[in-house]
Amino acid sequence: MKQFEETSKYLERILGYIHSDNISDADKELMTKETVHHFDNYVSPGWLKYRKSVSTNAALLEWTDHDSSVVDLYGEDFIDCLGGFGIYTCGHRNEYIVDTVKAQLGHQALHSQELLDPLRGYLAKAVSEITPGDLQYCFFTNGGAEANEMALKLARIATGGRWFVSTVNAFHGKSMGAVSMGGKSTYRTPYTPMVQQVVHVEYGNAEDAKKAIRNLIAVGEKVAAFIVEPVQGEAGIIIPPEGYLKEIRAICDEYGVALICDEIQTGMGRTGHMFRCEGEGIVPDILTFGKAFGGGIMPITGLICRPHMWTQELVDNPWLLGSPTFGGNPVCCSAALATIKYMIDHDIPGECAKKGAIIKEGLDKLKEKYPDLIDDVRGIGLMLAVEFKTSEIGYEVAKGMFARKVITAGTLVNAKCVRFEPAAVITEDQIAKVIERMDASLADTRAAMK
C-alpha cells in the first residue's frame with residue numbers, strides 16, 4: 001500500500017524498540033520527546049497535566065516492570081504503591097502467570113466464536129469455587145465498567161425491576177450505565193441525563209437504603225438492584241460500619257431486590273479475603289470482579305451470579321445479556337486461571353492482610369508525627385489511604401514521594417486522600433523504604449507550608 005509507506009517505515013523503528021533489549025541513549029531521548037508530543041497531539045493534551053510524572057518532573061516513560069516495581073526508560077526503579085489501582089496484586093509480570101500466557105499463545109490466542117472454548121468453562125468452574133455461597137453462573141467481559149453494565153442488565157432481566165439504588169460517592173466505572181450508578185458529580189454532570197431510574201443513598205446507612213426502596217415500591221415502582229462496593233475505593237477507601245452489608249442483604253431479601261457487590265477492586269485477595277463480601281458474611285446475588293483477576297498480565301473481568309438470577313429467558317437466548325467479541329477469550333482466561341492458582345498456592349489474601357497491617361502501622365505512626373498534615377489513616381489489607389488536611393498538602397506529599405521514586409495516587413480526582421495499593425509481593429524492606437520516604441516528604445511539605 002504505497003500511500004502508507006512512510007507509516008510502515010515509522011512503525012519499523014517503533015517495533016525495533018519493542019524487540020530491542022538495549023535502546024541507545026539517543027533513541028531514549030527521541031522516544032521521550034516523541035511521546036510527549038504524541039500525547040499532546042494524538043492522545044489527550046490534558047493527560048500531560050494530569051500525570052505528575054510529566055507535570056512536576058521531566059517526562060518519564062515507563063518501559064519495564066517486575067515484582068513490586070515500575071522501571072522507567074533509563075532504568076530508574078520506582079516502588080509501586082499504586083498498583084495500577086489494584087491490578088498488580090500478584091506483582092508486575094508475575095513469572096508463573098506470564099509463562100502460562102506464553103504457553104497459551106503457543107497454540108491459540110482468541111476463539112472462533114463458534115466452537116466451544118474449554119478455558120472459559122474451566123475458569124467459570126474455578127470462579128464458582130473461590131466465591132462464597134451458591135454463586136454459580138459466570139459471564140466474562142473485558143473491563144470493570146463492562147462487567148457492571150452486564151450486572152445491571154442481568155438484574156433487570158432477572159427481577160423485572162427497572163429502578164436501581166446506588167450510594168453517594170460510589171464508583172462503578174465510566175460507561176453510561178456504570179457512571180449513572182456513580183455517586184460523584186464530577187463524573188456524572190457532563191453526561192446528564194443518563195439512566196434515569198437511579199436513586200442514590202448515603203453509603204454505610206442501611207436505613208437510608210431501606211427507605212429509598214420502600215418509598216419506590218410504595219409509589220408503584222419495582223426496584224431491580226442495590227449496587228454497592230464492600231469498600232468504596234475511589235471515594236477514598238471508605239469502610240462501612242460493621243454489619244452494614246448484612247443489613248443491606250436482609251433489606252434486599254425483604255423487598256425482592258437483587259444485591260450487586262462490585263468487587264472489581266476489593267476482590268481477588270486485596271482486602272485479606274479472596275472477596276470482601278466473605279469478610280462481611282454475605283452472599284450477593286451478583287458479584288462483579290476484575291482488576292487483579294487477570295494477574296496484572298491480561299485484561300479480563302466479569303460477573304458471577306446465583307442460579308435463580310439466570311432465568312429461563314437467558315437459557316432460551318444465551319446472547320441476550322451480551323456477546324462481547326473478546327470476552328472470555330482463551331489467552332485472557334489462561335491468565336486468570338494461573339492467577340487463581342497462584343493466589344491459592346501463595347495465600348495472596350493472607351499476604352495482603354499481613355503486609356497491609358505493616359504498612360498501616362507505619363502510616364499510623366506518621367499520622368502521630370504529623371498531626372498538622374494528616375487527618376486520617378484507614379483501610380483494610382492492601383487497600384489503604386491517607387487523608388490529608390487539604391488537597392494541596394496531599395499533592396505536595398505525593399509529589400515528594402514520586403521524586404523519591406515511590407508511586408502513589410489520589411482519589412476523587414484530587415490529592416486530599418492518597419491511596420496505597422501495592423502488590424502482595426512487596427517486601428518488608430520495600431515497605432520500610434516507603435514509610436521512610438514518606439516521612440521525608442512529609443517533613444519537606446511541613447517546612448514548605450510554614
# chains A, B, ... in the order shown; residues from 1 in each chain; ligands from 1
$ closest_atom_pairs --of "region 104-200 of chain A" --to "region 254-276 of chain A" --cutoff "10 Å" --atoms "only C-alpha atoms" --output "tab-separated table"
residue	atom	partner	partner_atom	distance
A:Ile130	CA	A:Met274	CA	7.2
A:Thr131	CA	A:Phe275	CA	7.0
A:Pro132	CA	A:Phe275	CA	8.1
A:Gly143	CA	A:Ile264	CA	9.4
A:Gly144	CA	A:Ile264	CA	6.3
A:Ala145	CA	A:Ile264	CA	9.2
A:Ala147	CA	A:Ile264	CA	8.7
A:Asn148	CA	A:Asp262	CA	7.3
A:Ala151	CA	A:Ile260	CA	7.2
A:Leu152	CA	A:Ile260	CA	8.3
A:Leu154	CA	A:Ala258	CA	9.6
A:Ala155	CA	A:Ala258	CA	6.3
A:Arg156	CA	A:Ala258	CA	9.0
A:Ala158	CA	A:Ala258	CA	8.5
A:Thr159	CA	A:Ala258	CA	7.3
A:Gly160	CA	A:Val257	CA	10.0
A:Gly161	CA	A:Val257	CA	8.2
A:Trp163	CA	A:Val257	CA	9.8
A:Phe164	CA	A:Val257	CA	9.2
A:Val165	CA	A:Val257	CA	9.7
A:Ser166	CA	A:Ile260	CA	9.9
A:Phe171	CA	A:Asp262	CA	9.2
A:His172	CA	A:Asp262	CA	7.2
A:Gly173	CA	A:Ile264	CA	9.9
$ residues_around --residues "Thr411 (chain A)" --least-positions-apart "4" --cutoff "9 Å" --atoms "only C-alpha atoms" --output "count of residues only"
10
$ select_by_dssp --residues "region 42-210 of chain A" --states "strand (DSSP E or B)" --output "number ranges by chain"
A: 62-67, 69-72, 77-80, 92, 137-141, 163-167, 198-201
$ write_last_selection --atoms "N, CA and C atoms" --output "PDB file, in the first residue's frame"
ATOM      1  N   GLU A  62       7.527   4.875  31.360  1.00  0.00           N
ATOM      2  CA  GLU A  62       7.667   3.542  31.934  1.00  0.00           C
ATOM      3  C   GLU A  62       7.926   2.560  30.805  1.00  0.00           C
ATOM      4  N   TRP A  63       8.862   1.636  31.039  1.00  0.00           N
ATOM      5  CA  TRP A  63       9.277   0.765  29.949  1.00  0.00           C
ATOM      6  C   TRP A  63       9.312  -0.703  30.335  1.00  0.00           C
ATOM      7  N   THR A  64       9.531  -0.972  31.597  1.00  0.00           N
ATOM      8  CA  THR A  64       9.513  -2.359  32.053  1.00  0.00           C
ATOM      9  C   THR A  64       9.048  -2.384  33.500  1.00  0.00           C
ATOM     10  N   ASP A  65       8.800  -3.573  34.014  1.00  0.00           N
ATOM     11  CA  ASP A  65       8.373  -3.696  35.406  1.00  0.00           C
ATOM     12  C   ASP A  65       8.697  -5.087  35.916  1.00  0.00           C
ATOM     13  N   HIS A  66       8.654  -5.230  37.221  1.00  0.00           N
ATOM     14  CA  HIS A  66       8.911  -6.531  37.851  1.00  0.00           C
ATOM     15  C   HIS A  66       8.453  -6.474  39.306  1.00  0.00           C
ATOM     16  N   ASP A  67       7.964  -7.579  39.815  1.00  0.00           N
ATOM     17  CA  ASP A  67       7.603  -7.714  41.226  1.00  0.00           C
ATOM     18  C   ASP A  67       6.729  -6.549  41.708  1.00  0.00           C
ATOM     19  N   SER A  69       7.721  -3.257  41.359  1.00  0.00           N
ATOM     20  CA  SER A  69       8.422  -2.090  40.851  1.00  0.00           C
ATOM     21  C   SER A  69       8.055  -1.779  39.402  1.00  0.00           C
ATOM     22  N   VAL A  70       8.078  -0.484  39.096  1.00  0.00           N
ATOM     23  CA  VAL A  70       7.980   0.012  37.728  1.00  0.00           C
ATOM     24  C   VAL A  70       9.328   0.637  37.393  1.00  0.00           C
ATOM     25  N   VAL A  71       9.847   0.365  36.203  1.00  0.00           N
ATOM     26  CA  VAL A  71      11.164   0.856  35.810  1.00  0.00           C
ATOM     27  C   VAL A  71      11.012   1.763  34.597  1.00  0.00           C
ATOM     28  N   ASP A  72      11.622   2.953  34.670  1.00  0.00           N
ATOM     29  CA  ASP A  72      11.483   3.876  33.546  1.00  0.00           C
ATOM     30  C   ASP A  72      12.475   3.538  32.435  1.00  0.00           C
ATOM     31  N   ASP A  77      14.267   2.701  39.109  1.00  0.00           N
ATOM     32  CA  ASP A  77      13.319   1.791  39.723  1.00  0.00           C
ATOM     33  C   ASP A  77      12.394   2.539  40.685  1.00  0.00           C
ATOM     34  N   PHE A  78      11.060   2.419  40.488  1.00  0.00           N
ATOM     35  CA  PHE A  78      10.071   3.043  41.360  1.00  0.00           C
ATOM     36  C   PHE A  78       9.321   1.956  42.126  1.00  0.00           C
ATOM     37  N   ILE A  79       9.187   2.129  43.434  1.00  0.00           N
ATOM     38  CA  ILE A  79       8.341   1.227  44.216  1.00  0.00           C
ATOM     39  C   ILE A  79       6.890   1.597  43.923  1.00  0.00           C
ATOM     40  N   ASP A  80       6.120   0.640  43.473  1.00  0.00           N
ATOM     41  CA  ASP A  80       4.751   0.913  43.033  1.00  0.00           C
ATOM     42  C   ASP A  80       3.763   0.687  44.177  1.00  0.00           C
ATOM     43  N   HIS A  92       4.091  -7.327  39.389  1.00  0.00           N
ATOM     44  CA  HIS A  92       4.278  -6.964  37.982  1.00  0.00           C
ATOM     45  C   HIS A  92       4.954  -8.116  37.236  1.00  0.00           C
ATOM     46  N   TYR A 137     -23.105 -19.021  38.024  1.00  0.00           N
ATOM     47  CA  TYR A 137     -23.018 -18.760  36.589  1.00  0.00           C
ATOM     48  C   TYR A 137     -22.173 -17.520  36.297  1.00  0.00           C
ATOM     49  N   CYS A 138     -21.208 -17.688  35.369  1.00  0.00           N
ATOM     50  CA  CYS A 138     -20.250 -16.626  35.062  1.00  0.00           C
ATOM     51  C   CYS A 138     -20.498 -16.025  33.681  1.00  0.00           C
ATOM     52  N   PHE A 139     -20.117 -14.760  33.573  1.00  0.00           N
ATOM     53  CA  PHE A 139     -20.136 -14.066  32.279  1.00  0.00           C
ATOM     54  C   PHE A 139     -18.878 -13.202  32.255  1.00  0.00           C
ATOM     55  N   PHE A 140     -18.004 -13.436  31.275  1.00  0.00           N
ATOM     56  CA  PHE A 140     -16.714 -12.760  31.254  1.00  0.00           C
ATOM     57  C   PHE A 140     -16.704 -11.576  30.290  1.00  0.00           C
ATOM     58  N   THR A 141     -16.070 -10.508  30.728  1.00  0.00           N
ATOM     59  CA  THR A 141     -16.011  -9.260  29.977  1.00  0.00           C
ATOM     60  C   THR A 141     -14.567  -8.756  29.935  1.00  0.00           C
ATOM     61  N   TRP A 163     -35.742   0.089  38.509  1.00  0.00           N
ATOM     62  CA  TRP A 163     -35.014   1.083  39.299  1.00  0.00           C
ATOM     63  C   TRP A 163     -33.758   0.473  39.928  1.00  0.00           C
ATOM     64  N   PHE A 164     -32.763   1.321  40.104  1.00  0.00           N
ATOM     65  CA  PHE A 164     -31.530   0.930  40.793  1.00  0.00           C
ATOM     66  C   PHE A 164     -31.293   1.866  41.969  1.00  0.00           C
ATOM     67  N   VAL A 165     -30.738   1.324  43.032  1.00  0.00           N
ATOM     68  CA  VAL A 165     -30.313   2.131  44.172  1.00  0.00           C
ATOM     69  C   VAL A 165     -28.807   1.989  44.297  1.00  0.00           C
ATOM     70  N   SER A 166     -28.117   3.116  44.338  1.00  0.00           N
ATOM     71  CA  SER A 166     -26.670   3.135  44.494  1.00  0.00           C
ATOM     72  C   SER A 166     -26.328   4.065  45.658  1.00  0.00           C
ATOM     73  N   THR A 167     -25.050   4.349  45.846  1.00  0.00           N
ATOM     74  CA  THR A 167     -24.636   5.140  47.002  1.00  0.00           C
ATOM     75  C   THR A 167     -23.879   6.403  46.591  1.00  0.00           C
ATOM     76  N   VAL A 198     -32.529   5.877  38.779  1.00  0.00           N
ATOM     77  CA  VAL A 198     -31.467   5.616  39.754  1.00  0.00           C
ATOM     78  C   VAL A 198     -31.648   6.539  40.952  1.00  0.00           C
ATOM     79  N   VAL A 199     -31.568   5.979  42.142  1.00  0.00           N
ATOM     80  CA  VAL A 199     -31.614   6.746  43.381  1.00  0.00           C
ATOM     81  C   VAL A 199     -30.308   6.523  44.128  1.00  0.00           C
ATOM     82  N   HIS A 200     -29.735   7.592  44.659  1.00  0.00           N
ATOM     83  CA  HIS A 200     -28.503   7.481  45.441  1.00  0.00           C
ATOM     84  C   HIS A 200     -28.792   7.706  46.923  1.00  0.00           C
ATOM     85  N   VAL A 201     -28.235   6.834  47.749  1.00  0.00           N
ATOM     86  CA  VAL A 201     -28.435   6.938  49.195  1.00  0.00           C
ATOM     87  C   VAL A 201     -27.074   7.031  49.888  1.00  0.00           C
TER      88      VAL A 201
END
$ atom_distance --atom1 "CA of Glu146 (chain A)" --atom2 "CA of Gly322 (chain A)"
10.1 Å
$ closest_residue --among "A:Glu129, A:Glu392, A:Glu229, A:Asp439" --to "Lys341 (chain A)" --atoms "only C-alpha atoms"
A:Glu129
$ closest_residue --among "A:Ile97, A:Ala26, A:Ile358, A:Leu119" --to "Asp429 (chain A)" --atoms "only C-alpha atoms"
A:Ile358
$ residues_around --residues "region 369-375 of chain A" --least-positions-apart "6" --cutoff "7 Å" --atoms "only C-alpha atoms" --output "list in words"
Glu387, Phe388, Lys389 and Ile393 of chain A
$ write_last_selection --atoms "N, CA and C atoms" --output "PDB file, in the first residue's frame"
ATOM      1  N   GLU A 387      -5.565  10.380  54.479  1.00  0.00           N
ATOM      2  CA  GLU A 387      -6.302  11.612  54.184  1.00  0.00           C
ATOM      3  C   GLU A 387      -5.578  12.788  54.827  1.00  0.00           C
ATOM      4  N   PHE A 388      -5.282  13.787  54.005  1.00  0.00           N
ATOM      5  CA  PHE A 388      -4.549  14.955  54.474  1.00  0.00           C
ATOM      6  C   PHE A 388      -5.507  16.091  54.822  1.00  0.00           C
ATOM      7  N   LYS A 389      -4.974  17.118  55.462  1.00  0.00           N
ATOM      8  CA  LYS A 389      -5.793  18.271  55.856  1.00  0.00           C
ATOM      9  C   LYS A 389      -6.366  18.983  54.632  1.00  0.00           C
ATOM     10  N   ILE A 393      -1.804  19.799  50.439  1.00  0.00           N
ATOM     11  CA  ILE A 393      -0.822  19.046  51.236  1.00  0.00           C
ATOM     12  C   ILE A 393      -0.634  17.659  50.621  1.00  0.00           C
TER      13      ILE A 393
END
$ residues_around --residues "region 73-76 of chain A" --least-positions-apart "6" --cutoff "12 Å" --atoms "only C-alpha atoms" --output "list of chain:residue names"
A:Tyr17, A:Ile18, A:Asp21, A:Asn22, A:Ile23, A:Ser24, A:Asp25, A:Ala26, A:Asp27, A:Lys28, A:Glu29, A:Leu30, A:Met31, A:Thr32, A:Thr35, A:Ala59, A:Leu60, A:Leu61, A:Glu62, A:Trp63, A:Thr64, A:Asp65, A:His66, A:Phe402, A:Ala403, A:Arg404, A:Lys405, A:Val406
$ atom_distance --atom1 "CA of Val36 (chain A)" --atom2 "CA of Glu12 (chain A)"
20.0 Å
$ select_by_dssp --residues "region 40-288 of chain A" --states "helix (DSSP H, G or I)" --output "PyMOL selection string"
chain A and resi 40-43+45-50+52-55+83-86+95-105+118-130+144-159+176-181+185-191+206-218+244-255+276-279
$ residues_around --residues "Tyr342 (chain A)" --least-positions-apart "4" --cutoff "8 Å" --atoms "only C-alpha atoms" --output "list in words"
Cys90, Tyr96, Ile97, Ala338, His346 and Ile348 of chain A
$ write_last_selection --atoms "C-alpha atoms" --output "PDB file, in the first residue's frame"
ATOM      1  CA  CYS A  90       0.241 -10.794  42.223  1.00  0.00           C
ATOM      2  CA  TYR A  96       4.160 -18.013  36.670  1.00  0.00           C
ATOM      3  CA  ILE A  97       1.282 -16.154  35.032  1.00  0.00           C
ATOM      4  CA  ALA A 338      -2.957 -19.086  36.530  1.00  0.00           C
ATOM      5  CA  HIS A 346       0.816 -18.477  47.850  1.00  0.00           C
ATOM      6  CA  ILE A 348      -2.232 -13.958  48.491  1.00  0.00           C
TER       7      ILE A 348
END
$ closest_residue --among "A:Ile407, A:Met343, A:Leu11, A:Leu216" --to "Val425 (chain A)" --atoms "only C-alpha atoms"
A:Met343
$ atom_distance --atom1 "CA of Phe293 (chain A)" --atom2 "CA of Ala126 (chain A)"
12.0 Å
$ residues_around --residues "Glu421 (chain A)" --least-positions-apart "6" --cutoff "7 Å" --atoms "only C-alpha atoms" --output "count of residues only"
8
$ closest_residue --among "A:Leu442, A:Ile426, A:Ala124, A:Ile248" --to "Met401 (chain A)" --atoms "only C-alpha atoms"
A:Leu442
$ closest_residue --among "A:Ile304, A:Ala385, A:Ala409, A:Val377" --to "Lys125 (chain A)" --atoms "only C-alpha atoms"
A:Ile304
$ decode --residues "region 207-242 of chain A" --atoms "C-alpha atoms" --output "short mmCIF file (atom, residue, chain, number, x, y, z; two decimals), in the first residue's frame"
data_model
loop_
_atom_site.label_atom_id
_atom_site.label_comp_id
_atom_site.auth_asym_id
_atom_site.auth_seq_id
_atom_site.Cartn_x
_atom_site.Cartn_y
_atom_site.Cartn_z
CA GLU A 207 -31.86 2.64 56.91
CA ASP A 208 -31.40 5.20 54.14
CA ALA A 209 -31.32 2.37 51.59
CA LYS A 210 -34.40 0.72 53.09
CA LYS A 211 -36.34 3.98 53.00
CA ALA A 212 -35.47 4.57 49.33
CA ILE A 213 -36.52 1.07 48.29
CA ARG A 214 -39.68 1.15 50.40
CA ASN A 215 -40.71 4.54 49.01
CA LEU A 216 -40.20 3.43 45.40
CA ILE A 217 -42.34 0.36 45.97
CA ALA A 218 -44.98 2.46 47.72
CA VAL A 219 -45.49 4.58 44.61
CA GLY A 220 -45.71 1.58 42.30
CA GLU A 221 -42.11 1.25 41.10
CA LYS A 222 -40.16 -2.02 41.07
CA VAL A 223 -36.53 -1.99 42.13
CA ALA A 224 -34.12 -4.21 40.20
CA ALA A 225 -30.98 -3.96 42.32
CA PHE A 226 -28.95 -2.30 45.02
CA ILE A 227 -25.34 -1.94 43.80
CA VAL A 228 -22.58 -1.37 46.34
CA GLU A 229 -18.82 -1.55 46.83
CA PRO A 230 -17.95 -3.51 50.00
CA VAL A 231 -15.26 -0.83 50.48
CA GLN A 232 -15.58 2.37 48.49
CA GLY A 233 -12.34 2.78 46.56
CA GLU A 234 -12.43 5.97 44.53
CA ALA A 235 -14.31 7.69 47.37
CA GLY A 236 -11.16 7.44 49.48
CA ILE A 237 -11.06 3.86 50.83
CA ILE A 238 -14.23 4.16 52.90
CA ILE A 239 -15.07 1.11 55.04
CA PRO A 240 -18.75 0.89 56.02
CA PRO A 241 -19.87 0.25 59.61
CA GLU A 242 -19.73 -3.35 60.80
#
